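Structure data follow from input22.cif (mmCIF, C-alpha atoms):
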```
data_my_file
loop_
_atom_site.label_atom_id
_atom_site.label_comp_id
_atom_site.auth_asym_id
_atom_site.auth_seq_id
_atom_site.Cartn_x
_atom_site.Cartn_y
_atom_site.Cartn_z
CA MET M 15 5.84 30.66 -0.32
CA LYS M 16 8.25 27.78 0.14
CA VAL M 17 7.13 24.46 -1.41
CA VAL M 18 8.36 21.25 0.18
CA LYS M 19 8.24 18.03 -1.87
CA PHE M 20 7.80 14.50 -0.58
CA LYS M 21 7.74 11.01 -2.11
CA SER M 22 4.81 8.77 -1.14
CA PRO M 23 5.53 5.06 -1.83
CA ALA M 24 3.20 2.21 -2.77
CA LYS M 25 3.29 -1.17 -1.05
CA ILE M 26 2.68 -4.83 -1.76
CA ASN M 27 1.38 -7.54 0.54
CA VAL M 28 3.93 -10.32 0.51
CA ARG M 29 1.43 -12.17 2.70
CA LEU M 30 -2.13 -11.45 3.77
CA ASP M 31 -4.16 -13.61 6.18
CA VAL M 32 -7.66 -12.65 7.31
CA ILE M 33 -7.59 -13.69 10.96
CA SER M 34 -10.91 -12.53 12.38
CA ASN M 35 -14.09 -10.69 11.48
CA GLY M 36 -15.35 -7.93 13.74
CA SER M 37 -19.04 -7.42 14.50
CA ASP M 38 -18.68 -3.88 13.13
CA GLY M 39 -17.62 -5.20 9.72
CA SER M 40 -13.91 -4.69 10.34
CA HIS M 41 -11.38 -7.43 9.64
CA ASP M 42 -8.19 -8.19 11.52
CA LEU M 43 -5.30 -9.16 9.29
CA GLU M 44 -1.86 -10.58 9.67
CA ALA M 45 0.16 -9.25 6.77
CA ILE M 46 3.71 -8.87 5.54
CA ASN M 47 3.81 -5.39 4.01
CA ALA M 48 6.68 -4.10 1.92
CA PRO M 49 6.96 -0.58 0.48
CA VAL M 50 7.98 -0.49 -3.17
CA SER M 51 9.56 2.03 -5.53
CA ILE M 52 6.38 3.41 -7.11
CA PHE M 53 5.70 6.90 -5.81
CA ASP M 54 3.12 9.64 -5.72
CA ASP M 55 4.61 13.15 -5.54
CA ILE M 56 3.27 15.40 -2.81
CA GLU M 57 3.93 19.13 -2.50
CA CYS M 58 3.10 21.08 0.65
CA SER M 59 3.24 24.83 1.23
CA LEU M 60 2.04 26.96 4.12
CA THR M 61 -0.64 29.59 3.61
CA GLU M 62 -2.33 32.19 5.79
CA LYS M 63 -5.32 30.00 6.56
CA GLY M 64 -7.40 27.00 5.47
CA ILE M 65 -6.57 23.63 3.94
CA GLN M 66 -6.52 23.04 0.22
CA VAL M 67 -6.00 19.57 -1.26
CA ILE M 68 -5.63 19.17 -5.01
CA CYS M 69 -5.19 15.74 -6.58
CA GLU M 70 -3.89 15.35 -10.13
CA ASN M 71 -3.66 12.49 -12.66
CA ASP M 72 -6.44 10.29 -11.28
CA ALA M 73 -10.09 11.27 -11.63
CA ASP M 74 -11.09 8.54 -9.15
CA VAL M 75 -9.18 10.20 -6.30
CA PRO M 76 -11.05 13.20 -4.87
CA SER M 77 -9.64 16.61 -4.06
CA GLY M 78 -10.76 18.73 -1.13
CA GLU M 79 -12.36 17.46 2.06
CA GLU M 80 -13.20 14.03 0.61
CA ASN M 81 -9.53 13.15 0.34
CA ILE M 82 -8.07 11.40 3.40
CA VAL M 83 -5.16 13.87 3.28
CA TYR M 84 -7.50 16.72 4.23
CA GLY M 85 -8.38 15.03 7.52
CA VAL M 86 -4.80 14.25 8.51
CA ALA M 87 -3.69 17.78 7.62
CA LYS M 88 -6.41 19.22 9.84
CA GLU M 89 -5.31 16.90 12.66
CA ILE M 90 -1.62 17.83 12.42
CA LEU M 91 -2.31 21.55 12.11
CA ALA M 92 -4.14 21.32 15.45
CA TYR M 93 -0.83 20.31 17.07
CA SER M 94 0.93 23.39 15.73
CA ASN M 95 1.13 26.67 17.61
CA LYS M 96 1.34 28.48 14.26
CA ASN M 97 -1.81 30.17 12.96
CA VAL M 98 -1.40 28.98 9.37
CA GLY M 99 -3.07 26.90 6.68
CA VAL M 100 -1.62 24.53 4.09
CA ASN M 101 -1.88 23.82 0.39
CA ILE M 102 -1.29 20.19 -0.63
CA ARG M 103 -0.90 19.02 -4.20
CA ILE M 104 -0.84 15.27 -4.94
CA LYS M 105 0.46 13.99 -8.27
CA LYS M 106 -0.79 10.43 -8.49
CA ASN M 107 1.26 7.62 -9.96
CA ILE M 108 0.15 4.78 -7.66
CA PRO M 109 -3.05 3.27 -9.10
CA SER M 110 -6.07 3.87 -6.88
CA SER M 111 -8.24 1.05 -5.50
CA ALA M 112 -5.57 -1.39 -6.63
CA GLY M 113 -4.33 -3.04 -3.43
CA MET M 114 -1.20 -0.88 -3.23
CA GLY M 115 -2.06 1.43 -0.34
CA GLY M 116 -1.87 4.73 -2.22
CA SER M 117 -4.29 6.73 -0.08
CA SER M 118 -2.81 5.43 3.19
CA SER M 119 0.67 6.28 1.95
CA ASN M 120 -0.46 9.79 1.02
CA ALA M 121 -1.93 10.25 4.50
CA ALA M 122 1.27 9.04 6.19
CA THR M 123 3.46 11.22 3.98
CA VAL M 124 1.42 14.34 4.82
CA ILE M 125 1.46 13.49 8.54
CA MET M 126 5.26 13.25 8.48
CA GLY M 127 5.72 16.11 6.06
CA LEU M 128 3.67 18.63 8.03
CA ASN M 129 5.30 17.52 11.27
CA GLU M 130 8.61 18.46 9.64
CA LEU M 131 7.40 21.58 7.83
CA LEU M 132 5.70 23.04 10.91
CA LYS M 133 8.54 21.92 13.23
CA ILE M 134 6.05 20.31 15.61
CA ASN M 135 8.53 17.57 16.57
CA LEU M 136 5.99 14.87 17.36
CA SER M 137 7.64 11.46 17.80
CA LYS M 138 7.27 8.75 15.18
CA GLU M 139 5.25 6.72 17.70
CA LYS M 140 2.83 9.63 18.16
CA LEU M 141 2.53 10.09 14.40
CA MET M 142 1.76 6.39 14.03
CA LYS M 143 -1.02 6.66 16.63
CA ILE M 144 -2.49 9.64 14.82
CA GLY M 145 -2.27 7.79 11.52
CA LEU M 146 -4.07 4.73 12.89
CA ARG M 147 -7.21 6.81 13.30
CA PHE M 148 -7.27 7.28 9.54
CA GLY M 149 -6.52 3.74 8.38
CA ALA M 150 -4.87 0.46 9.30
CA ASP M 151 -2.03 0.90 6.78
CA VAL M 152 -1.15 4.49 7.70
CA PRO M 153 1.09 3.59 10.70
CA PHE M 154 2.99 1.13 8.50
CA PHE M 155 3.88 3.88 6.04
CA VAL M 156 4.83 6.23 8.89
CA MET M 157 7.16 3.62 10.37
CA GLY M 158 8.86 2.92 7.03
CA GLY M 159 10.35 -0.32 5.73
CA ALA M 160 8.90 -3.80 5.58
CA ALA M 161 6.85 -4.97 8.55
CA VAL M 162 4.44 -7.56 9.85
CA SER M 163 1.11 -5.88 10.59
CA ARG M 164 -1.42 -7.22 13.10
CA ASN M 165 -4.29 -5.99 15.28
CA HIS M 166 -5.90 -3.72 12.66
CA GLY M 167 -2.55 -2.06 11.96
CA GLY M 168 -1.97 -1.19 15.62
CA GLN M 169 0.75 -3.80 16.11
CA LEU M 170 3.72 -3.55 13.79
CA SER M 171 6.86 -5.68 13.90
CA LYS M 172 9.66 -4.32 11.74
CA ILE M 173 11.30 -6.85 9.41
CA LYS M 174 14.98 -6.44 10.12
CA LYS M 175 16.29 -8.02 6.96
CA MET M 176 14.78 -8.55 3.52
CA PRO M 177 16.67 -8.98 0.25
CA LYS M 178 15.95 -6.79 -2.75
CA LEU M 179 13.06 -8.14 -4.78
CA PRO M 180 13.16 -7.23 -8.48
CA LEU M 181 9.47 -6.76 -9.29
CA VAL M 182 7.12 -6.28 -12.17
CA ILE M 183 3.73 -5.05 -10.98
CA ILE M 184 0.67 -5.04 -13.22
CA THR M 185 -2.59 -3.23 -12.48
CA PRO M 186 -5.48 -4.11 -14.81
CA ASN M 187 -8.16 -1.58 -15.62
CA VAL M 188 -10.73 -2.84 -13.10
CA LYS M 189 -11.64 -1.72 -9.59
CA VAL M 190 -11.97 -4.16 -6.69
CA PRO M 191 -13.72 -2.61 -3.65
CA PRO M 192 -11.93 -3.95 -0.54
CA LYS M 193 -15.25 -4.13 1.36
CA TRP M 194 -16.68 -6.41 -1.32
CA ALA M 195 -13.62 -8.69 -1.30
CA PHE M 196 -13.65 -9.09 2.49
CA GLU M 197 -17.38 -9.77 2.57
CA LYS M 198 -17.03 -12.42 -0.13
CA PHE M 199 -14.15 -14.05 1.71
CA VAL M 200 -16.09 -14.15 4.99
CA ALA M 201 -19.17 -15.59 3.26
CA ALA M 202 -17.07 -18.21 1.48
CA ASN M 203 -15.65 -19.30 4.82
CA ASP M 204 -19.06 -19.58 6.50
CA ASN M 205 -18.39 -16.50 8.64
CA GLN M 206 -15.92 -18.48 10.72
CA PRO M 207 -12.77 -16.71 11.92
CA LYS M 208 -9.57 -18.17 10.56
CA GLU M 209 -7.01 -19.70 12.90
CA GLN M 210 -3.65 -18.03 13.25
CA PRO M 211 -1.15 -19.35 10.66
CA GLU M 212 0.67 -22.41 11.95
CA THR M 213 4.11 -21.05 11.02
CA ALA M 214 5.15 -17.84 12.74
CA ILE M 215 6.37 -15.13 10.40
CA PRO M 216 10.08 -14.48 10.88
CA LEU M 217 11.45 -10.96 11.07
CA GLN M 218 14.47 -11.75 8.90
CA PHE M 219 14.57 -13.14 5.38
CA ALA M 220 17.98 -13.99 3.98
CA THR M 221 16.95 -14.93 0.43
CA LYS M 222 14.18 -14.53 -2.12
CA LYS M 223 13.43 -18.23 -1.65
CA ALA M 224 12.82 -17.66 2.06
CA ILE M 225 10.32 -14.92 1.27
CA MET M 226 8.56 -16.96 -1.41
CA LYS M 227 7.80 -19.68 1.14
CA PHE M 228 5.49 -17.20 2.88
CA LEU M 229 3.71 -15.86 -0.20
CA HIS M 230 -0.04 -16.08 0.32
CA ASN M 231 -3.14 -13.89 0.01
CA ASP M 232 -6.45 -15.06 1.46
CA LEU M 233 -8.40 -12.65 -0.75
CA GLU M 234 -6.96 -13.87 -4.02
CA THR M 235 -9.42 -16.74 -4.44
CA VAL M 236 -12.55 -14.59 -4.15
CA THR M 237 -11.13 -11.79 -6.31
CA THR M 238 -10.04 -14.10 -9.11
CA GLN M 239 -13.51 -15.69 -9.23
CA ARG M 240 -15.00 -12.29 -10.11
CA PHE M 241 -11.99 -10.92 -11.99
CA PRO M 242 -10.24 -13.73 -13.91
CA VAL M 243 -7.83 -11.19 -15.36
CA VAL M 244 -5.85 -11.51 -12.11
CA ASN M 245 -4.95 -15.12 -12.90
CA GLU M 246 -4.32 -14.21 -16.53
CA LEU M 247 -1.76 -11.62 -15.48
CA LYS M 248 -0.11 -14.03 -13.05
CA SER M 249 0.27 -16.48 -15.93
CA ILE M 250 1.89 -13.77 -18.08
CA LEU M 251 4.35 -12.94 -15.30
CA LYS M 252 5.33 -16.58 -14.92
CA LYS M 253 5.80 -17.00 -18.67
CA THR M 254 8.14 -14.00 -18.75
CA GLY M 255 10.41 -15.34 -16.01
CA ALA M 256 8.87 -14.60 -12.63
CA LEU M 257 10.00 -16.96 -9.89
CA ALA M 258 6.68 -16.41 -8.11
CA CYS M 259 3.73 -14.06 -8.36
CA GLN M 260 0.75 -13.00 -6.29
CA MET M 261 -2.08 -10.52 -5.98
CA THR M 262 -1.60 -7.70 -3.49
CA GLY M 263 -4.32 -6.48 -1.12
CA SER M 264 -7.83 -7.12 -2.39
CA GLY M 265 -6.46 -6.66 -5.91
CA PRO M 266 -6.52 -6.31 -8.76
CA SER M 267 -2.76 -5.57 -8.90
CA VAL M 268 -0.40 -8.54 -9.15
CA PHE M 269 3.35 -8.65 -8.72
CA GLY M 270 6.04 -11.01 -9.96
CA ILE M 271 9.35 -11.61 -8.21
CA PHE M 272 12.19 -12.00 -10.71
CA PRO M 273 15.72 -13.47 -10.39
CA ASN M 274 17.42 -10.11 -10.96
CA LYS M 275 16.83 -6.57 -12.24
CA ILE M 276 17.88 -7.38 -15.81
CA VAL M 277 15.38 -10.23 -16.18
CA ALA M 278 12.70 -8.06 -14.57
CA GLU M 279 13.38 -5.16 -16.96
CA ILE M 280 13.29 -7.44 -20.02
CA ALA M 281 10.01 -8.95 -18.79
CA CYS M 282 8.52 -5.52 -18.08
CA ASN M 283 9.33 -4.26 -21.58
CA LYS M 284 7.99 -7.45 -23.16
CA ILE M 285 4.72 -7.23 -21.25
CA LYS M 286 4.33 -3.54 -22.12
CA SER M 287 4.70 -4.39 -25.81
CA LYS M 288 1.88 -6.94 -25.63
CA ILE M 289 -0.61 -5.40 -23.18
CA SER M 290 -2.11 -1.95 -23.61
CA ASP M 291 -5.01 -1.91 -21.14
CA CYS M 292 -2.97 -2.30 -17.93
CA ARG M 293 -0.52 -0.19 -15.99
CA ILE M 294 2.83 -1.92 -15.75
CA PHE M 295 5.65 -0.99 -13.37
CA LEU M 296 9.25 -2.06 -12.93
CA ALA M 297 9.96 -1.76 -9.21
CA GLU M 298 11.70 -3.16 -6.13
CA ASN M 299 11.08 -3.17 -2.41
CA ILE M 300 12.59 -0.26 -0.47
CA ASN M 301 13.74 0.23 3.11
#
```
Output the file's structure in the form of C-alpha coordinates.
Amino acid sequence: MKVVKFKSPAKINVRLDVISNGSDGSHDLEAINAPVSIFDDIECSLTEKGIQVICENDADVPSGEENIVYGVAKEILAYSNKNVGVNIRIKKNIPSSAGMGGSSSNAATVIMGLNELLKINLSKEKLMKIGLRFGADVPFFVMGGAAVSRNHGGQLSKIKKMPKLPLVIITPNVKVPPKWAFEKFVAANDNQPKEQPETAIPLQFATKKAIMKFLHNDLETVTTQRFPVVNELKSILKKTGALACQMTGSGPSVFGIFPNKIVAEIACNKIKSKISDCRIFLAENIN
(Lines of atoms letter the chains of each structure in order from A and count residues from 1; the text may use other names and numbers.)
(Lines give C-alpha, C1' and ligand atoms only; values in the text may rest on other atoms or scores of the structure.)
Protein backbone atom coordinates (compact mmCIF):
# COMPACT_ATOMS: atom_id res chain seq x y z
CA MET A 1 0.00 0.00 0.00
CA LYS A 2 1.34 3.42 -0.93
CA VAL A 3 2.61 5.52 2.00
CA VAL A 4 2.45 9.30 1.69
CA LYS A 5 4.65 11.41 3.98
CA PHE A 6 3.93 14.90 5.27
CA LYS A 7 5.77 17.46 7.42
CA SER A 8 3.82 18.97 10.32
CA PRO A 9 5.39 22.25 11.57
CA ALA A 10 5.46 23.80 15.04
CA LYS A 11 4.62 27.45 15.67
CA ILE A 12 5.52 30.30 17.99
CA ASN A 13 3.37 33.15 19.23
CA VAL A 14 5.17 36.35 18.34
CA ARG A 15 2.35 38.06 20.23
CA LEU A 16 -0.50 36.79 22.37
CA ASP A 17 -3.21 38.99 23.92
CA VAL A 18 -6.13 37.54 25.88
CA ILE A 19 -8.99 39.77 24.75
CA SER A 20 -12.08 38.29 26.37
CA ASN A 21 -13.27 35.44 28.55
CA GLY A 22 -16.28 33.40 27.48
CA SER A 23 -18.91 32.17 29.94
CA ASP A 24 -18.16 28.64 28.73
CA GLY A 25 -14.53 28.92 29.83
CA SER A 26 -13.22 29.73 26.37
CA HIS A 27 -10.87 32.65 25.74
CA ASP A 28 -10.69 34.89 22.71
CA LEU A 29 -7.16 35.78 21.70
CA GLU A 30 -5.46 38.15 19.35
CA ALA A 31 -2.21 36.52 18.35
CA ILE A 32 0.59 36.75 15.83
CA ASN A 33 1.34 33.14 14.93
CA ALA A 34 4.36 32.06 12.92
CA PRO A 35 5.13 28.49 11.82
CA VAL A 36 8.71 27.42 12.47
CA SER A 37 11.09 24.79 11.11
CA ILE A 38 10.54 22.11 13.75
CA PHE A 39 8.52 19.26 12.31
CA ASP A 40 6.65 16.11 13.21
CA ASP A 41 6.68 13.47 10.47
CA ILE A 42 3.32 12.03 9.49
CA GLU A 43 2.78 9.00 7.26
CA CYS A 44 -0.62 8.12 5.82
CA SER A 45 -1.67 5.02 3.90
CA LEU A 46 -5.07 3.80 2.78
CA THR A 47 -6.47 0.51 4.07
CA GLU A 48 -9.60 -1.53 3.45
CA LYS A 49 -11.42 -0.15 6.47
CA GLY A 50 -11.08 1.57 9.85
CA ILE A 51 -8.79 4.27 11.22
CA GLN A 52 -5.54 3.51 12.97
CA VAL A 53 -3.45 6.24 14.60
CA ILE A 54 -0.04 5.38 16.02
CA CYS A 55 2.08 8.02 17.75
CA GLU A 56 5.79 7.49 18.33
CA ASN A 57 8.52 9.22 20.37
CA ASP A 58 6.29 10.88 22.98
CA ALA A 59 4.54 8.85 25.67
CA ASP A 60 2.40 11.88 26.59
CA VAL A 61 0.71 11.94 23.18
CA PRO A 62 -1.96 9.23 22.84
CA SER A 63 -2.49 6.87 19.95
CA GLY A 64 -5.87 5.68 18.75
CA GLU A 65 -9.17 7.48 19.26
CA GLU A 66 -7.82 9.80 21.97
CA ASN A 67 -5.55 11.53 19.49
CA ILE A 68 -7.08 14.58 17.77
CA VAL A 69 -5.89 13.16 14.44
CA TYR A 70 -8.37 10.28 14.74
CA GLY A 71 -11.30 12.69 14.80
CA VAL A 72 -10.16 14.74 11.83
CA ALA A 73 -9.43 11.60 9.82
CA LYS A 74 -12.94 10.32 10.50
CA GLU A 75 -14.35 13.69 9.42
CA ILE A 76 -12.40 13.83 6.14
CA LEU A 77 -13.13 10.20 5.27
CA ALA A 78 -16.83 11.05 5.47
CA TYR A 79 -16.33 13.46 2.55
CA SER A 80 -14.81 10.74 0.38
CA ASN A 81 -16.83 8.53 -1.92
CA LYS A 82 -14.21 5.80 -1.46
CA ASN A 83 -15.02 2.94 0.92
CA VAL A 84 -11.60 2.86 2.56
CA GLY A 85 -9.84 3.30 5.89
CA VAL A 86 -6.53 4.92 6.78
CA ASN A 87 -3.43 4.19 8.81
CA ILE A 88 -1.67 7.23 10.28
CA ARG A 89 1.74 7.13 11.92
CA ILE A 90 3.02 10.23 13.75
CA LYS A 91 6.70 10.58 14.60
CA LYS A 92 6.84 13.33 17.20
CA ASN A 93 9.60 15.90 17.32
CA ILE A 94 7.57 18.93 18.45
CA PRO A 95 7.38 18.87 22.27
CA SER A 96 3.86 18.26 23.54
CA SER A 97 2.05 20.65 25.91
CA ALA A 98 4.79 23.18 25.23
CA GLY A 99 3.01 26.13 23.60
CA MET A 100 4.09 25.16 20.09
CA GLY A 101 0.83 23.87 18.61
CA GLY A 102 1.96 20.31 17.87
CA SER A 103 -1.42 18.59 18.10
CA SER A 104 -3.19 21.32 16.10
CA SER A 105 -0.50 21.11 13.44
CA ASN A 106 -0.88 17.33 13.27
CA ALA A 107 -4.64 17.72 12.83
CA ALA A 108 -4.21 20.30 10.05
CA THR A 109 -1.59 18.20 8.28
CA VAL A 110 -3.87 15.13 8.27
CA ILE A 111 -6.83 17.21 7.06
CA MET A 112 -4.79 18.48 4.11
CA GLY A 113 -2.99 15.19 3.55
CA LEU A 114 -6.12 13.06 3.34
CA ASN A 115 -7.83 15.65 1.14
CA GLU A 116 -4.91 15.17 -1.25
CA LEU A 117 -4.53 11.41 -0.83
CA LEU A 118 -8.24 10.71 -1.33
CA LYS A 119 -8.54 13.32 -4.12
CA ILE A 120 -11.55 14.89 -2.41
CA ASN A 121 -10.62 18.38 -3.68
CA LEU A 122 -12.15 20.35 -0.82
CA SER A 123 -11.10 24.01 -0.91
CA LYS A 124 -8.63 25.41 1.61
CA GLU A 125 -11.44 27.53 3.05
CA LYS A 126 -13.57 24.41 3.59
CA LEU A 127 -10.64 22.60 5.20
CA MET A 128 -10.11 25.55 7.53
CA LYS A 129 -13.77 25.44 8.59
CA ILE A 130 -13.51 21.73 9.27
CA GLY A 131 -10.31 22.29 11.24
CA LEU A 132 -11.87 25.00 13.40
CA ARG A 133 -14.19 22.40 14.91
CA PHE A 134 -11.14 20.64 16.32
CA GLY A 135 -9.18 23.60 17.66
CA ALA A 136 -8.55 27.32 17.32
CA ASP A 137 -5.05 26.84 15.88
CA VAL A 138 -5.97 24.21 13.29
CA PRO A 139 -7.18 26.70 10.61
CA PHE A 140 -3.95 28.66 11.01
CA PHE A 141 -1.88 25.59 10.15
CA VAL A 142 -4.18 24.77 7.23
CA MET A 143 -3.79 28.27 5.83
CA GLY A 144 0.01 28.20 6.12
CA GLY A 145 2.42 31.06 6.80
CA ALA A 146 2.38 33.71 9.50
CA ALA A 147 -0.98 35.22 10.42
CA VAL A 148 -2.88 37.30 12.91
CA SER A 149 -5.50 35.13 14.60
CA ARG A 150 -8.69 36.48 16.17
CA ASN A 151 -12.20 35.33 17.08
CA HIS A 152 -11.21 31.94 18.51
CA GLY A 153 -9.17 31.15 15.40
CA GLY A 154 -12.09 31.83 13.06
CA GLN A 155 -10.67 35.10 11.75
CA LEU A 156 -7.23 34.90 10.20
CA SER A 157 -5.35 37.73 8.50
CA LYS A 158 -2.31 36.55 6.56
CA ILE A 159 0.90 38.45 7.25
CA LYS A 160 2.14 39.37 3.81
CA LYS A 161 5.74 40.04 4.71
CA MET A 162 7.93 38.88 7.57
CA PRO A 163 11.73 38.66 7.57
CA LYS A 164 13.51 35.44 8.47
CA LEU A 165 13.95 35.13 12.22
CA PRO A 166 16.97 33.04 13.28
CA LEU A 167 15.66 31.30 16.41
CA VAL A 168 16.80 29.20 19.30
CA ILE A 169 13.84 27.55 21.03
CA ILE A 170 14.15 25.89 24.43
CA THR A 171 11.55 23.62 26.01
CA PRO A 172 12.16 22.77 29.68
CA ASN A 173 11.04 19.47 31.12
CA VAL A 174 7.81 20.76 32.68
CA LYS A 175 4.20 20.73 31.51
CA VAL A 176 2.00 23.83 31.60
CA PRO A 177 -1.71 23.02 31.11
CA PRO A 178 -3.18 25.81 28.94
CA LYS A 179 -6.46 25.70 30.91
CA TRP A 180 -4.57 26.40 34.13
CA ALA A 181 -2.62 29.30 32.60
CA PHE A 182 -5.75 30.98 31.23
CA GLU A 183 -7.63 30.56 34.50
CA LYS A 184 -4.73 32.07 36.44
CA PHE A 185 -4.53 34.99 34.03
CA VAL A 186 -8.27 35.68 34.29
CA ALA A 187 -8.16 35.49 38.10
CA ALA A 188 -5.14 37.81 38.23
CA ASN A 189 -7.03 40.34 36.16
CA ASP A 190 -10.15 40.22 38.34
CA ASN A 191 -12.13 38.41 35.63
CA GLN A 192 -12.27 41.61 33.60
CA PRO A 193 -11.95 41.34 29.82
CA LYS A 194 -8.92 43.07 28.39
CA GLU A 195 -9.31 45.97 26.00
CA GLN A 196 -8.15 45.56 22.43
CA PRO A 197 -4.46 46.54 22.03
CA GLU A 198 -4.10 50.23 21.30
CA THR A 199 -1.78 49.67 18.34
CA ALA A 200 -3.22 47.69 15.44
CA ILE A 201 -1.08 44.80 14.29
CA PRO A 202 0.32 45.44 10.81
CA LEU A 203 0.27 42.74 8.16
CA GLN A 204 3.79 43.54 6.94
CA PHE A 205 7.03 43.57 8.90
CA ALA A 206 10.11 44.81 7.07
CA THR A 207 12.72 44.11 9.75
CA LYS A 208 13.37 42.08 12.89
CA LYS A 209 13.20 45.33 14.85
CA ALA A 210 9.68 45.95 13.57
CA ILE A 211 8.59 42.52 14.78
CA MET A 212 10.28 42.91 18.15
CA LYS A 213 8.20 46.02 18.86
CA PHE A 214 5.14 43.76 18.97
CA LEU A 215 6.58 40.98 21.12
CA HIS A 216 4.25 40.30 24.03
CA ASN A 217 2.55 37.36 25.75
CA ASP A 218 -0.18 37.98 28.33
CA LEU A 219 0.27 34.51 29.81
CA GLU A 220 3.97 34.85 30.50
CA THR A 221 3.53 36.57 33.87
CA VAL A 222 1.32 33.87 35.38
CA THR A 223 3.39 31.02 33.95
CA THR A 224 6.70 32.40 35.19
CA GLN A 225 5.28 32.80 38.71
CA ARG A 226 4.68 29.04 38.86
CA PHE A 227 7.58 28.01 36.63
CA PRO A 228 10.56 30.34 37.18
CA VAL A 229 12.60 28.23 34.76
CA VAL A 230 10.94 30.22 31.95
CA ASN A 231 12.67 33.42 33.07
CA GLU A 232 15.89 31.52 33.67
CA LEU A 233 15.90 30.29 30.08
CA LYS A 234 15.12 33.76 28.75
CA SER A 235 18.13 35.05 30.65
CA ILE A 236 20.32 32.33 29.10
CA LEU A 237 19.12 33.26 25.61
CA LYS A 238 19.92 36.92 26.19
CA LYS A 239 23.38 36.11 27.53
CA THR A 240 24.14 34.06 24.42
CA GLY A 241 23.24 36.87 22.01
CA ALA A 242 19.47 36.96 21.55
CA LEU A 243 18.15 40.34 20.49
CA ALA A 244 14.86 39.54 22.21
CA CYS A 245 13.15 36.52 23.72
CA GLN A 246 9.70 35.46 24.83
CA MET A 247 7.56 32.55 25.96
CA THR A 248 5.25 31.04 23.36
CA GLY A 249 1.65 30.02 24.08
CA SER A 250 1.02 29.15 27.71
CA GLY A 251 4.61 27.89 27.87
CA PRO A 252 6.91 26.57 28.94
CA SER A 253 8.84 26.92 25.64
CA VAL A 254 10.76 30.15 25.08
CA PHE A 255 12.36 31.46 21.92
CA GLY A 256 15.17 33.88 21.24
CA ILE A 257 15.51 35.97 18.08
CA PHE A 258 19.14 36.24 16.98
CA PRO A 259 20.94 38.67 14.62
CA ASN A 260 21.73 35.95 12.06
CA LYS A 261 21.91 32.17 11.59
CA ILE A 262 25.58 31.94 12.55
CA VAL A 263 25.08 33.65 15.92
CA ALA A 264 21.99 31.52 16.52
CA GLU A 265 23.86 28.29 15.74
CA ILE A 266 26.76 29.22 18.03
CA ALA A 267 24.30 30.08 20.81
CA CYS A 268 22.37 26.84 20.29
CA ASN A 269 25.51 24.71 20.55
CA LYS A 270 26.68 26.63 23.62
CA ILE A 271 23.35 26.18 25.39
CA LYS A 272 23.27 22.47 24.52
CA SER A 273 26.70 22.04 26.09
CA LYS A 274 25.52 23.58 29.37
CA ILE A 275 21.92 22.36 29.72
CA SER A 276 20.94 18.71 29.68
CA ASP A 277 17.36 18.72 30.99
CA CYS A 278 15.77 20.77 28.18
CA ARG A 279 15.05 20.26 24.51
CA ILE A 280 16.87 22.83 22.42
CA PHE A 281 16.16 23.63 18.77
CA LEU A 282 17.83 25.76 16.12
CA ALA A 283 15.02 27.00 13.89
CA GLU A 284 13.56 29.82 11.80
CA ASN A 285 10.11 30.96 10.76
CA ILE A 286 8.77 29.47 7.53
CA ASN A 287 6.28 30.61 4.91
Selected residue, from M:Thr221, M:Asn47, M:Ser137, M:Thr238, that lies nearest to Met176 of chain M when counting all atoms listed in the file: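 Closest to Met176 of chain M, using all atoms listed in the file: M:Thr221.
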Picked residues, the PyMOL selection byres ((chain M and resi 44) around 10), expected as number ranges by chain: M: 29-34, 42-43, 45-47, 162-167, 169-170, 210-211, 215
Residues in the PyMOL selection byres ((chain M and resi 91-100) around 6), expressed as number ranges by chain: M: 59-65, 88-90, 101, 134
Spell out the residues picked by the PyMOL selection byres ((chain M and resi 146-159) around 7) here, as a PDB file with C-alpha atoms, in the coordinates of the input.
```
ATOM      1  CA  ALA M  48       6.680  -4.100   1.920  1.00  0.00           C
ATOM      2  CA  PRO M  49       6.960  -0.580   0.480  1.00  0.00           C
ATOM      3  CA  SER M 118      -2.810   5.430   3.190  1.00  0.00           C
ATOM      4  CA  SER M 119       0.670   6.280   1.950  1.00  0.00           C
ATOM      5  CA  ALA M 121      -1.930  10.250   4.500  1.00  0.00           C
ATOM      6  CA  ALA M 122       1.270   9.040   6.190  1.00  0.00           C
ATOM      7  CA  MET M 142       1.760   6.390  14.030  1.00  0.00           C
ATOM      8  CA  LYS M 143      -1.020   6.660  16.630  1.00  0.00           C
ATOM      9  CA  ILE M 144      -2.490   9.640  14.820  1.00  0.00           C
ATOM     10  CA  GLY M 145      -2.270   7.790  11.520  1.00  0.00           C
ATOM     11  CA  ALA M 160       8.900  -3.800   5.580  1.00  0.00           C
ATOM     12  CA  ALA M 161       6.850  -4.970   8.550  1.00  0.00           C
ATOM     13  CA  HIS M 166      -5.900  -3.720  12.660  1.00  0.00           C
ATOM     14  CA  GLY M 167      -2.550  -2.060  11.960  1.00  0.00           C
ATOM     15  CA  GLY M 168      -1.970  -1.190  15.620  1.00  0.00           C
ATOM     16  CA  ILE M 300      12.590  -0.260  -0.470  1.00  0.00           C
ATOM     17  CA  ASN M 301      13.740   0.230   3.110  1.00  0.00           C
TER      18      ASN M 301
END
```
Shell of 8 Å around Lys198 of chain M, only C-alpha atoms, local chain residues under 4 positions omitted, as a PyMOL selection string: chain M and resi 194+202+236
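From atom CA of Lys275 of chain M back to atom CA of Lys178 of chain M, the distance works out to 9.5 Å.
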All residues 12 Å or closer to segment 280-284 of chain M, only C-alpha atoms, same chain fewer than 3 positions away omitted, as an NGL selection string: :M and (180-184 or 250-257 or 269-277 or 287-290 or 292-297)
Point-to-point distance from atom CA of Lys227 of chain M to atom CA of Ala258 of chain M, Å rounded to tenths: 9.9 Å
Interatomic distance (Å, one decimal) between atom CA of Gly85 of chain M and atom CA of Glu57 of chain M: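 Separation of atom CA of Gly85 of chain M and atom CA of Glu57 of chain M: 16.4 Å.
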Residue nearest Leu233 of chain M among M:Gln218, M:Ser249, M:Ser264, M:Asn129 (counting only C-alpha atoms):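 Closest to Leu233 of chain M, using only C-alpha atoms: M:Ser264.
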